[in-house]
$ cat input_33.tsv   # TSV, C-alpha atoms and all ligand atoms
chain	number	residue	atom	x	y	z
K	1	MET	CA	104.38	143.28	132.63
K	2	ARG	CA	105.43	146.78	131.60
K	3	THR	CA	107.92	147.52	128.83
K	4	LEU	CA	109.15	150.83	127.41
K	5	VAL	CA	109.39	150.56	123.63
K	6	HIS	CA	110.18	152.64	120.56
K	7	THR	CA	110.06	151.85	116.87
K	8	ARG	CA	111.92	154.92	115.58
K	9	GLN	CA	114.61	157.27	116.83
K	10	GLY	CA	113.78	160.70	118.23
K	11	ASP	CA	113.05	162.66	121.40
K	12	PRO	CA	112.37	160.02	124.10
K	13	ALA	CA	109.29	161.97	125.26
K	14	GLN	CA	107.86	161.60	121.75
K	15	VAL	CA	108.95	158.16	120.61
K	16	LEU	CA	108.94	156.10	123.82
K	17	THR	CA	105.71	154.46	124.99
K	18	LEU	CA	104.90	152.27	127.97
K	19	ARG	CA	103.39	148.98	126.86
K	20	GLU	CA	101.37	147.14	129.49
K	21	ASP	CA	101.08	143.50	128.61
K	22	PRO	CA	98.79	140.98	130.38
K	23	ASP	CA	100.88	138.11	128.92
K	24	PRO	CA	103.33	136.26	131.18
K	25	PRO	CA	106.96	137.46	131.06
K	26	PRO	CA	109.29	136.07	128.37
K	27	ARG	CA	110.72	132.59	128.91
K	28	HIS	CA	114.38	131.91	129.39
K	29	GLY	CA	116.22	129.54	127.07
K	30	ALA	CA	119.14	127.23	127.81
K	31	GLY	CA	121.90	128.94	129.80
K	32	GLN	CA	119.65	131.93	130.51
K	33	VAL	CA	117.88	133.42	133.50
K	34	LEU	CA	114.71	135.49	133.73
K	35	VAL	CA	115.22	138.54	135.97
K	36	ARG	CA	112.44	140.61	137.52
K	37	LEU	CA	114.03	144.06	137.33
K	38	LEU	CA	113.67	146.49	140.23
K	39	VAL	CA	116.04	149.34	139.35
K	40	ARG	CA	117.78	150.48	136.16
K	41	PRO	CA	119.75	153.64	135.33
K	42	VAL	CA	119.12	156.30	132.70
K	43	HIS	CA	122.61	156.59	131.18
K	44	PRO	CA	123.54	159.22	128.55
K	45	GLY	CA	124.22	156.28	126.20
K	46	ASP	CA	120.65	155.02	126.70
K	47	LEU	CA	119.35	158.38	125.51
K	48	ILE	CA	121.63	158.28	122.46
K	49	GLY	CA	120.22	154.81	121.74
K	50	VAL	CA	116.72	156.32	121.61
K	51	GLU	CA	117.59	159.62	119.91
K	52	GLY	CA	120.46	158.70	117.62
K	53	LEU	CA	123.47	160.99	117.28
K	54	PRO	CA	122.99	164.51	115.93
K	55	GLY	CA	124.07	164.83	112.33
K	56	LEU	CA	123.47	161.16	111.53
K	57	PRO	CA	120.42	160.14	109.49
K	58	GLU	CA	117.49	158.74	111.44
K	59	GLN	CA	117.79	155.00	111.68
K	60	ARG	CA	114.35	153.52	111.50
K	61	ARG	CA	114.38	150.12	113.06
K	62	PRO	CA	111.87	147.64	111.75
K	63	GLU	CA	111.62	145.91	115.13
K	64	VAL	CA	110.31	147.19	118.44
K	65	ARG	CA	113.23	148.12	120.68
K	66	THR	CA	113.45	148.51	124.47
K	67	PRO	CA	116.25	150.77	125.81
K	68	GLY	CA	118.53	150.07	128.77
K	69	VAL	CA	121.69	148.00	129.08
K	70	GLU	CA	122.06	147.37	132.82
K	71	GLY	CA	120.01	147.13	135.97
K	72	MET	CA	119.39	145.07	139.09
K	73	GLY	CA	116.64	142.72	140.07
K	74	VAL	CA	115.77	139.32	141.41
K	75	VAL	CA	116.14	136.04	139.54
K	76	GLU	CA	112.64	134.80	138.74
K	77	SER	CA	113.52	131.50	137.03
K	78	VAL	CA	116.57	129.79	135.54
K	79	GLY	CA	117.24	127.47	132.60
K	80	PRO	CA	117.60	123.77	133.50
K	81	ASP	CA	121.36	123.86	132.83
K	82	VAL	CA	122.04	126.93	135.02
K	83	ARG	CA	123.85	125.89	138.20
K	84	THR	CA	125.22	129.19	139.46
K	85	LEU	CA	121.98	131.07	140.17
K	86	ARG	CA	118.71	130.23	141.89
K	87	PRO	CA	115.34	132.02	141.92
K	88	GLY	CA	115.23	134.75	144.53
K	89	ARG	CA	118.91	135.75	144.12
K	90	ARG	CA	119.57	139.49	143.78
K	91	VAL	CA	121.62	140.17	140.65
K	92	ALA	CA	123.05	143.05	138.60
K	93	VAL	CA	122.88	142.51	134.83
K	94	PHE	CA	125.13	143.77	132.00
K	95	PRO	CA	125.25	143.66	129.02
K	96	ALA	CA	121.49	143.15	129.10
K	97	PRO	CA	119.77	144.98	126.23
K	98	GLY	CA	116.20	145.94	127.14
K	99	THR	CA	116.34	146.63	130.89
K	100	TRP	CA	113.74	149.43	130.69
K	101	ALA	CA	111.09	146.77	131.32
K	102	ASP	CA	109.82	144.80	134.30
K	103	PHE	CA	111.60	141.64	133.10
K	104	VAL	CA	114.67	140.79	131.06
K	105	VAL	CA	116.13	137.48	129.90
K	106	VAL	CA	119.93	137.30	129.98
K	107	ALA	CA	122.68	134.71	129.73
K	108	ALA	CA	123.41	133.48	133.26
K	109	GLU	CA	127.02	134.72	133.00
K	110	ARG	CA	125.69	138.27	132.54
K	111	ALA	CA	123.86	138.20	135.88
K	112	VAL	CA	126.24	139.07	138.72
K	113	PRO	CA	125.16	138.10	142.27
K	114	VAL	CA	124.83	141.19	144.48
K	115	PRO	CA	126.52	140.80	147.87
K	116	GLU	CA	124.63	141.43	151.09
K	117	GLY	CA	125.20	145.01	152.16
K	118	VAL	CA	125.17	146.45	148.64
K	119	SER	CA	121.88	148.33	148.17
K	120	ASP	CA	119.59	147.77	145.19
K	121	GLU	CA	120.39	151.26	143.91
K	122	THR	CA	124.16	150.81	144.10
K	123	ALA	CA	123.82	147.39	142.46
K	124	ALA	CA	121.90	148.93	139.57
K	125	LEU	CA	124.92	151.16	138.87
K	126	MET	CA	127.60	148.62	139.71
K	127	LEU	CA	128.69	147.42	136.28
K	128	VAL	CA	128.64	149.87	133.34
K	129	ASN	CA	130.51	152.77	134.92
K	130	PRO	CA	133.18	150.81	136.84
K	131	LEU	CA	133.84	148.64	133.77
K	132	THR	CA	134.07	151.78	131.62
K	133	LEU	CA	136.50	153.21	134.19
K	134	LEU	CA	138.72	150.14	133.80
K	135	MET	CA	138.62	150.41	130.00
K	136	LEU	CA	139.48	154.12	130.17
K	137	TYR	CA	142.22	153.69	132.74
K	138	ARG	CA	143.89	150.97	130.67
K	139	ALA	CA	143.65	153.20	127.59
K	140	VAL	CA	145.28	156.07	129.50
K	141	GLU	CA	148.10	153.85	130.79
K	142	HIS	CA	148.68	152.49	127.28
K	143	ALA	CA	148.70	155.99	125.76
K	144	LEU	CA	151.10	157.31	128.38
K	145	GLY	CA	153.53	154.42	128.00
K	146	GLN	CA	156.82	155.72	129.36
K	147	ARG	CA	155.75	159.35	129.01
K	148	LYS	CA	155.10	161.48	132.04
K	149	GLY	CA	152.81	164.45	132.01
K	150	PRO	CA	149.35	165.73	132.70
K	151	VAL	CA	146.13	164.01	131.71
K	152	LEU	CA	143.13	166.24	131.02
K	153	GLN	CA	139.55	165.03	131.41
K	154	THR	CA	136.35	166.74	130.25
K	155	ALA	CA	132.92	166.59	131.97
K	156	ALA	CA	134.82	165.69	135.11
K	157	GLY	CA	131.74	166.09	137.31
K	158	SER	CA	129.97	163.20	135.54
K	159	SER	CA	129.50	159.89	137.32
K	160	ILE	CA	132.33	158.40	135.24
K	161	GLY	CA	134.48	161.51	135.71
K	162	ARG	CA	134.27	161.12	139.48
K	163	LEU	CA	135.34	157.48	139.24
K	164	VAL	CA	138.30	158.59	137.13
K	165	SER	CA	139.17	161.25	139.73
K	166	ALA	CA	139.02	158.72	142.57
K	167	ALA	CA	141.32	156.38	140.60
K	168	ALA	CA	143.72	159.25	139.80
K	169	VAL	CA	144.01	160.16	143.49
K	170	ARG	CA	144.61	156.51	144.39
K	171	HIS	CA	147.26	155.99	141.69
K	172	ASP	CA	148.91	159.44	141.72
K	173	LEU	CA	147.89	160.20	138.16
K	174	PRO	CA	148.45	163.91	137.38
K	175	LEU	CA	144.84	164.59	136.36
K	176	VAL	CA	143.46	168.02	135.46
K	177	ASN	CA	139.66	168.22	135.54
K	178	LEU	CA	137.52	170.33	133.21
K	179	VAL	CA	133.88	171.17	134.01
K	180	ARG	CA	131.57	173.60	132.29
K	181	SER	CA	130.21	175.55	135.28
K	182	ALA	CA	131.57	177.30	138.37
K	183	SER	CA	129.15	175.39	140.61
K	184	GLY	CA	130.34	172.10	139.09
K	185	ALA	CA	133.93	173.16	139.82
K	186	ARG	CA	133.08	173.91	143.47
K	187	THR	CA	131.45	170.49	143.93
K	188	LEU	CA	134.39	168.68	142.36
K	189	ARG	CA	136.97	170.61	144.43
K	190	SER	CA	135.14	169.65	147.60
K	191	LEU	CA	135.17	165.98	146.57
K	192	TYR	CA	138.78	165.85	145.31
K	193	PRO	CA	140.65	168.81	146.84
K	194	THR	CA	144.05	167.66	145.54
K	195	LEU	CA	142.97	167.68	141.87
K	196	PRO	CA	142.95	170.96	139.91
K	197	VAL	CA	139.64	171.95	138.30
K	198	ILE	CA	139.21	174.45	135.45
K	199	THR	CA	135.88	175.85	134.26
K	200	THR	CA	135.39	175.98	130.49
K	201	SER	CA	132.89	178.83	130.77
K	202	ASP	CA	135.93	181.02	131.64
K	203	GLY	CA	137.06	182.66	128.39
K	204	ASP	CA	140.72	181.93	129.21
K	205	TRP	CA	140.31	178.27	130.22
K	206	ARG	CA	142.90	177.10	127.67
K	207	GLU	CA	145.49	179.52	129.11
K	208	GLN	CA	144.55	178.33	132.59
K	209	VAL	CA	145.33	174.74	131.53
K	210	ARG	CA	148.72	175.81	130.09
K	211	HIS	CA	149.53	177.86	133.19
K	212	LEU	CA	148.54	175.07	135.55
K	213	THR	CA	150.61	172.47	133.72
K	214	GLY	CA	153.63	174.79	133.83
K	215	GLY	CA	153.98	174.88	130.06
K	216	GLN	CA	154.10	171.07	129.97
K	217	ASP	CA	151.78	169.94	127.21
K	218	VAL	CA	149.02	167.51	128.05
K	219	GLN	CA	149.90	163.90	127.13
K	220	VAL	CA	146.40	162.46	127.14
K	221	VAL	CA	142.92	163.96	126.91
K	222	LEU	CA	140.08	161.80	128.19
K	223	ASP	CA	137.05	163.25	126.48
K	224	CYS	CA	133.30	162.58	126.50
K	225	VAL	CA	132.22	166.06	125.30
K	226	GLY	CA	133.64	166.10	121.77
K	227	GLY	CA	131.81	168.16	119.15
K	228	ALA	CA	133.21	171.63	118.56
K	229	MET	CA	135.43	171.34	121.66
K	230	THR	CA	137.62	168.67	120.07
K	231	GLN	CA	139.70	171.30	118.24
K	232	ASP	CA	140.60	173.08	121.51
K	233	LEU	CA	141.41	169.82	123.27
K	234	VAL	CA	143.72	168.68	120.47
K	235	ALA	CA	145.51	172.05	120.56
K	236	LEU	CA	146.41	171.41	124.20
K	237	LEU	CA	147.97	168.01	123.45
K	238	ALA	CA	151.74	167.46	123.33
K	239	ASP	CA	153.17	166.24	120.03
K	240	GLY	CA	152.66	162.47	120.02
K	241	GLY	CA	149.80	162.80	122.52
K	242	THR	CA	146.49	160.91	122.51
K	243	LEU	CA	142.87	161.99	122.52
K	244	ILE	CA	140.71	159.25	124.01
K	245	THR	CA	137.09	159.75	123.02
K	246	TYR	CA	134.28	157.87	124.74
K	247	GLY	CA	131.20	160.10	124.58
K	248	ARG	CA	129.51	162.91	122.71
K	249	LEU	CA	127.83	165.36	125.09
K	250	GLY	CA	128.75	168.63	123.40
K	251	PRO	CA	127.23	170.49	120.46
K	252	GLY	CA	128.86	171.05	117.08
K	253	THR	CA	131.39	168.99	115.18
K	254	THR	CA	135.09	169.00	114.38
K	255	THR	CA	136.28	167.83	110.99
K	256	LEU	CA	138.97	165.18	111.19
K	257	GLU	CA	140.92	166.81	108.35
K	258	HIS	CA	141.13	170.05	110.36
K	259	LEU	CA	143.11	168.31	113.10
K	260	PRO	CA	146.92	168.24	112.78
K	261	LEU	CA	147.05	164.51	113.42
K	262	GLY	CA	149.74	163.68	110.84
K	263	GLN	CA	151.90	166.79	111.35
K	264	ARG	CA	152.04	166.33	115.13
K	265	GLY	CA	151.92	162.54	115.40
K	266	LEU	CA	148.69	162.59	117.40
K	267	THR	CA	146.47	159.58	118.07
K	268	VAL	CA	142.70	159.56	118.40
K	269	GLN	CA	141.35	156.47	120.15
K	270	GLY	CA	137.75	155.47	120.77
K	271	VAL	CA	136.80	153.49	123.87
K	272	THR	CA	133.50	151.71	124.41
K	273	VAL	CA	132.37	149.48	127.26
K	274	TRP	CA	130.79	147.19	124.66
K	275	HIS	CA	134.30	145.99	123.83
K	276	TRP	CA	134.63	144.76	127.41
K	277	THR	CA	132.92	141.53	126.28
K	278	HIS	CA	135.98	140.87	124.08
K	279	ARG	CA	138.13	140.28	127.16
K	280	THR	CA	138.84	136.71	128.25
K	281	PRO	CA	136.54	135.05	130.82
K	282	GLU	CA	139.33	135.30	133.43
K	283	GLU	CA	139.86	139.01	132.71
K	284	ARG	CA	136.13	139.65	132.86
K	285	ALA	CA	135.89	137.84	136.20
K	286	GLN	CA	138.67	140.05	137.59
K	287	ASP	CA	136.95	143.18	136.30
K	288	ILE	CA	133.62	142.12	137.82
K	289	ALA	CA	135.38	141.48	141.14
K	290	PHE	CA	136.77	145.04	140.96
K	291	ALA	CA	133.29	146.46	140.28
K	292	VAL	CA	131.69	144.52	143.13
K	293	ASP	CA	134.47	145.53	145.49
K	294	LEU	CA	134.04	149.20	144.54
K	295	ALA	CA	130.28	148.96	145.20
K	296	GLN	CA	130.94	147.40	148.61
K	297	SER	CA	133.77	149.65	149.70
K	298	THR	CA	132.75	153.05	148.27
K	299	PRO	CA	129.00	153.26	147.62
K	300	ASP	CA	129.32	157.07	147.66
K	301	LEU	CA	130.87	156.78	144.18
K	302	PHE	CA	127.48	155.55	142.91
K	303	GLU	CA	125.46	158.67	143.57
K	304	VAL	CA	121.76	158.63	142.73
K	305	ALA	CA	120.28	161.88	141.38
K	306	ALA	CA	116.64	160.77	141.73
K	307	ARG	CA	114.39	157.77	141.29
K	308	TYR	CA	111.16	157.53	139.26
K	309	ASP	CA	108.75	154.70	138.55
K	310	LEU	CA	109.19	153.18	135.09
K	311	ALA	CA	105.85	154.73	134.08
K	312	ASP	CA	107.23	158.18	134.89
K	313	PHE	CA	109.96	157.85	132.24
K	314	LYS	CA	109.37	161.27	130.69
K	315	THR	CA	110.18	163.07	133.94
K	316	ALA	CA	113.13	160.74	134.48
K	317	VAL	CA	114.58	161.54	131.04
K	318	GLU	CA	114.07	165.26	131.55
K	319	HIS	CA	115.89	165.03	134.88
K	320	ALA	CA	118.72	162.96	133.39
K	321	ARG	CA	119.38	165.79	130.92
K	322	ARG	CA	119.16	168.60	133.45
K	323	PRO	CA	122.38	170.70	133.69
K	324	GLY	CA	123.97	170.50	137.12
K	325	LYS	CA	122.41	167.11	137.92
K	326	SER	CA	124.65	165.18	140.28
K	327	GLY	CA	124.62	161.39	140.00
K	328	THR	CA	122.47	159.06	137.92
K	329	VAL	CA	118.67	159.02	137.52
K	330	LEU	CA	117.04	155.65	138.22
K	331	LEU	CA	113.86	154.01	136.91
K	332	THR	CA	112.22	151.67	139.41
K	333	SER	CA	109.60	148.91	139.47
K	334	PRO	CA	107.64	147.78	142.53
K	335	ARG	CA	109.31	144.89	144.39
K	336	SER	CA	106.15	142.78	144.04
K	337	ALA	CA	104.03	143.32	140.95
K	338	GLY	CA	100.75	144.84	141.93
K	339	THR	CA	101.68	145.86	145.48
K	340	GLY	CA	102.79	149.33	144.46
K	341	ARG	CA	105.45	149.14	147.14
K	342	GLU	CA	108.64	151.09	146.44
K	343	ALA	CA	111.25	148.87	144.82
K	344	VAL	CA	114.46	150.19	146.21
K	345	ARG	CA	116.02	149.79	149.59
G	401	LIG	N1	132.05	154.76	125.72
G	401	LIG	C1	131.40	154.09	126.66
G	401	LIG	O1	131.35	152.87	126.67
G	401	LIG	C2	130.71	154.86	127.75
G	401	LIG	C3	130.21	154.21	128.88
G	401	LIG	C4	129.59	154.97	129.87
G	401	LIG	C5	129.48	156.34	129.71
G	401	LIG	N2	129.97	156.91	128.59
G	401	LIG	C6	129.90	158.36	128.38
G	401	LIG	O2	130.47	158.99	129.50
G	401	LIG	C7	129.92	160.29	129.61
G	401	LIG	C8	129.53	160.52	131.07
G	401	LIG	O3	128.52	159.60	131.42
G	401	LIG	P1	127.92	159.64	132.90
G	401	LIG	O4	126.88	158.60	133.00
G	401	LIG	O5	129.04	159.65	133.86
G	401	LIG	O6	127.23	161.09	132.85
G	401	LIG	P2	126.38	161.84	133.95
G	401	LIG	O7	126.64	161.33	135.32
G	401	LIG	O8	124.96	161.88	133.47
G	401	LIG	O9	126.96	163.32	133.89
G	401	LIG	C9	126.93	164.07	132.72
G	401	LIG	C10	127.98	165.15	132.88
G	401	LIG	O10	128.24	165.71	131.62
G	401	LIG	C11	128.31	167.12	131.75
G	401	LIG	N3	127.86	167.69	130.48
G	401	LIG	C12	126.67	167.50	129.87
G	401	LIG	N4	126.64	168.16	128.70
G	401	LIG	C13	127.82	168.81	128.60
G	401	LIG	C14	128.38	169.67	127.63
G	401	LIG	N5	127.70	170.00	126.53
G	401	LIG	N6	129.62	170.15	127.84
G	401	LIG	C15	130.32	169.80	128.95
G	401	LIG	N7	129.83	168.99	129.92
G	401	LIG	C16	128.61	168.50	129.73
G	401	LIG	C17	127.39	167.47	132.91
G	401	LIG	O11	127.85	168.67	133.45
G	401	LIG	P3	126.96	169.67	134.34
G	401	LIG	O12	127.15	169.19	135.76
G	401	LIG	O13	127.56	171.00	134.09
G	401	LIG	O14	125.53	169.53	133.88
G	401	LIG	C18	127.60	166.27	133.83
G	401	LIG	O15	128.70	166.47	134.68
G	401	LIG	C19	128.75	160.34	128.62
G	401	LIG	O16	129.17	160.98	127.45
G	401	LIG	C20	128.48	158.89	128.32
G	401	LIG	O17	127.89	158.69	127.04
G	401	LIG	C21	130.58	156.22	127.61
$ encode --input "input_33.tsv" --output "structure tokens" --more "lines below"
Ligand SMILES: NC(=O)c1ccc[n+]([C@@H]2O[C@H](COP(=O)([O-])OP(=O)(O)OC[C@H]3O[C@@H](n4cnc5c(N)ncnc54)[C@H](OP(=O)(O)O)[C@@H]3O)[C@@H](O)[C@H]2O)c1
Amino acid sequence: MRTLVHTRQGDPAQVLTLREDPDPPPRHGAGQVLVRLLVRPVHPGDLIGVEGLPGLPEQRRPEVRTPGVEGMGVVESVGPDVRTLRPGRRVAVFPAPGTWADFVVVAAERAVPVPEGVSDETAALMLVNPLTLLMLYRAVEHALGQRKGPVLQTAAGSSIGRLVSAAAVRHDLPLVNLVRSASGARTLRSLYPTLPVITTSDGDWREQVRHLTGGQDVQVVLDCVGGAMTQDLVALLADGGTLITYGRLGPGTTTLEHLPLGQRGLTVQGVTVWHWTHRTPEERAQDIAFAVDLAQSTPDLFEVAARYDLADFKTAVEHARRPGKSGTVLLTSPRSAGTGREAVR
């Protein structure tokens, strides 16, 4: 059994190690299942979990930690009280801390059966990003209320950004996309020709936003770049508008006191997919049904940038950080331990 572990925060290439353990995999407890993982993504949030956030003190953790929060695999064994899953069933798991390993133990309710026809790779990406999309979309609808007006999103070429674009097209949301490179803008225009795209490497990108929105101020900014860019994004907001922050990809910082929040009645709201577990069981079931349906109906929305064996994690992490990457990098395990056969299909 192989497990990626770290005991302190820092550059994943430095602090992560692959532990190869001859012991049998962990045992499930009551209400749990043991999953033999085949594919798991390298999300930006996974890297933050290993590195910590810039500007914050290093958090040394006394325990050994394994990164990863989602993935797909096959149920290996189930607790005696688990009725919904049987060994051999393909499942996607989330929230499942520690998926960068060959095995993970999760509560049975966190293992979602994967329908026939959904590939292993799509299944590995089926939960975090669609559930984040739902959280973001609800936050946007709440922030807009009765207001009409443009919504601006940063890092629009990201995997999440593309899900947001697809939802905006479907629901007629007046979305304006920001990307940082001209090539990223070209790709996004070809995918969503009806949505305007502005490139922030253009010196006049703020004027371009104002021109495009016809002088109408932006009502909501959906932002995962943050850092020094926050000041510019807030300046584009209408009085009473909302900045929804859900990531931190950009360099620099913005001081809260430098933002005219009080004078202009602005709201800053954080969104995290971890709060999805606070929804009721019925709401969660509906959200899961949405995610599964999206995976079945539009697998193109779950683009894979590349796949690497778990042991090749350093290359995988380097690729996940590469500018211009399109889609999500995957870490794989062989379908049968010891066969060396490729995991994914
Ligand atoms: N809050 C939550 O619960 C939650 C859940 C999931 C994801 N997220 C966040 O959502 C964001 C997107 O995740 P993802 O998995 O969709 O990402 P992804 O597919 O890996 O794509 C990353 C994107 O970010 C862009 N980017 C990277 N650094 C940038 C910078 N400094 N300035 C502007 N753009 C930059 C890249 O642009 P190029 O193409 O130009 O390289 C790329 O389009 C991340 O911040 C992630 O942490 C948050």
$ residues_near_ligand --input "input_33.tsv" --ligand "ligand LIG 401 (chain G)" --cutoff "6 Å" --atoms "all atoms listed in the file" --output "PyMOL selection string"
chain K and resi 43-45+129+132+155+157-160+180-181+184+224-225+246-250+271-273+323-325+327-328
$ closest_residue --input "input_33.tsv" --among "K:Gly10, K:Gly31, K:Pro24, K:Pro97" --to "Ile48 (chain K)" --atoms "all atoms listed in the file"
K:Gly10
$ residues_near_point --input "input_33.tsv" --point "(153.1, 164.4, 121.6)" --cutoff "7 Å" --atoms "all atoms listed in the file" --output "list of chain:residue names"
K:Gln219, K:Leu237, K:Ala238, K:Asp239, K:Gly240, K:Gly241, K:Arg264, K:Gly265, K:Leu266
$ residues_around --input "input_33.tsv" --residues "Pro196 (chain K)" --least-positions-apart "2" --cutoff "9 Å" --atoms "all atoms listed in the file" --output "mmCIF file with C-alpha atoms, in the frame of the given file"
data_model
loop_
_atom_site.group_PDB
_atom_site.id
_atom_site.type_symbol
_atom_site.label_atom_id
_atom_site.label_comp_id
_atom_site.auth_asym_id
_atom_site.auth_seq_id
_atom_site.Cartn_x
_atom_site.Cartn_y
_atom_site.Cartn_z
ATOM 1 C CA LEU K 175 144.840 164.590 136.360
ATOM 2 C CA VAL K 176 143.460 168.020 135.460
ATOM 3 C CA ASN K 177 139.660 168.220 135.540
ATOM 4 C CA LEU K 178 137.520 170.330 133.210
ATOM 5 C CA ARG K 189 136.970 170.610 144.430
ATOM 6 C CA TYR K 192 138.780 165.850 145.310
ATOM 7 C CA PRO K 193 140.650 168.810 146.840
ATOM 8 C CA THR K 194 144.050 167.660 145.540
ATOM 9 C CA ILE K 198 139.210 174.450 135.450
ATOM 10 C CA LEU K 212 148.540 175.070 135.550
#
$ closest_atom_pairs --input "input_33.tsv" --of "region 111-155 of chain K" --to "region 289-306 of chain K" --cutoff "8 Å" --atoms "all atoms listed in the file" --output "JSON lines"
{"residue": "K:Val114", "atom": "CA", "partner": "K:Val292", "partner_atom": "CA", "distance": 7.7}
{"residue": "K:Pro115", "atom": "CA", "partner": "K:Val292", "partner_atom": "CA", "distance": 7.9}
{"residue": "K:Gly117", "atom": "CA", "partner": "K:Gln296", "partner_atom": "CA", "distance": 7.2}
{"residue": "K:Val118", "atom": "CA", "partner": "K:Gln296", "partner_atom": "CA", "distance": 5.8}
{"residue": "K:Glu121", "atom": "CA", "partner": "K:Val304", "partner_atom": "CA", "distance": 7.6}
{"residue": "K:Thr122", "atom": "CA", "partner": "K:Phe302", "partner_atom": "CA", "distance": 5.9}
{"residue": "K:Ala123", "atom": "CA", "partner": "K:Ala295", "partner_atom": "CA", "distance": 7.2}
{"residue": "K:Leu125", "atom": "CA", "partner": "K:Phe302", "partner_atom": "CA", "distance": 6.5}
{"residue": "K:Met126", "atom": "CA", "partner": "K:Ala291", "partner_atom": "CA", "distance": 6.1}
{"residue": "K:Leu127", "atom": "CA", "partner": "K:Ala291", "partner_atom": "CA", "distance": 6.2}
{"residue": "K:Pro130", "atom": "CA", "partner": "K:Ala291", "partner_atom": "CA", "distance": 5.5}
{"residue": "K:Leu131", "atom": "CA", "partner": "K:Ala291", "partner_atom": "CA", "distance": 6.9}
$ atom_distance --input "input_33.tsv" --atom1 "CA of Glu141 (chain K)" --atom2 "CA of Thr242 (chain K)"
11.0 Å
$ residues_around --input "input_33.tsv" --residues "Val75 (chain K)" --least-positions-apart "6" --cutoff "9 Å" --atoms "only C-alpha atoms" --output "VMD selection string"
chain K and resid 33 to 37 85 to 91 111
$ closest_residue --input "input_33.tsv" --among "K:Thr99, K:His28, K:Glu70, K:Arg40" --to "Val82 (chain K)" --atoms "only C-alpha atoms"
K:His28
$ closest_residue --input "input_33.tsv" --among "K:Ile244, K:Val329, K:Leu4, K:Leu152" --to "Thr17 (chain K)" --atoms "all atoms listed in the file"
K:Leu4
$ closest_residue --input "input_33.tsv" --among "K:Glu318, K:Ile288, K:Leu136, K:Arg2" --to "Gln269 (chain K)" --atoms "only C-alpha atoms"
K:Leu136
$ closest_residue --input "input_33.tsv" --among "K:Ala108, K:Val15, K:Val128, K:Ala235" --to "Pro41 (chain K)" --atoms "all atoms listed in the file"
K:Val128
$ atom_distance --input "input_33.tsv" --atom1 "CA of Thr230 (chain K)" --atom2 "CA of Val169 (chain K)"
25.7 Å
$ closest_residue --input "input_33.tsv" --among "K:Thr255, K:Ser119, K:Thr187, K:Gln9" --to "Leu53 (chain K)" --atoms "all atoms listed in the file"
K:Gln9
$ axis_aligned_box --input "input_33.tsv" --around "region 257-262 of chain K" --padding-each-side "4 Å" --output "lines of an AutoDock Vina configuration file"
center_x = 145.3
center_y = 166.9
center_z = 110.9
size_x = 16.8
size_y = 14.4
size_z = 13.1
$ decode --input "input_33.tsv" --residues "region 307-315 of chain K" --atoms "N, CA, C and O atoms" --output "tab-separated table (two decimals), in the first residue's frame"
chain	number	residue	atom	x	y	z
K	307	ARG	N	-2.31	12.58	-16.74
K	307	ARG	CA	-2.38	11.63	-15.63
K	307	ARG	C	-0.99	11.07	-15.33
K	307	ARG	O	-0.19	10.87	-16.25
K	308	TYR	N	-0.70	10.90	-14.04
K	308	TYR	CA	0.60	10.41	-13.58
K	308	TYR	C	0.36	9.36	-12.49
K	308	TYR	O	-0.59	9.49	-11.71
K	309	ASP	N	1.23	8.37	-12.42
K	309	ASP	CA	1.15	7.41	-11.33
K	309	ASP	C	1.41	8.15	-10.00
K	309	ASP	O	2.17	9.14	-9.97
K	310	LEU	N	0.79	7.65	-8.95
K	310	LEU	CA	0.94	8.26	-7.62
K	310	LEU	C	2.42	8.50	-7.27
K	310	LEU	O	2.77	9.51	-6.66
K	311	ALA	N	3.27	7.57	-7.68
K	311	ALA	CA	4.70	7.68	-7.36
K	311	ALA	C	5.35	8.85	-8.08
K	311	ALA	O	6.40	9.35	-7.66
K	312	ASP	N	4.72	9.31	-9.16
K	312	ASP	CA	5.28	10.40	-9.97
K	312	ASP	C	4.67	11.74	-9.54
K	312	ASP	O	4.41	12.62	-10.35
K	313	PHE	N	4.43	11.88	-8.24
K	313	PHE	CA	3.69	13.05	-7.73
K	313	PHE	C	4.42	14.37	-7.97
K	313	PHE	O	3.79	15.41	-8.16
K	314	LYS	N	5.75	14.34	-8.00
K	314	LYS	CA	6.47	15.61	-8.18
K	314	LYS	C	6.19	16.19	-9.56
K	314	LYS	O	5.95	17.39	-9.70
K	315	THR	N	6.21	15.33	-10.58
K	315	THR	CA	5.90	15.81	-11.93
K	315	THR	C	4.45	16.27	-12.00
K	315	THR	O	4.12	17.27	-12.65
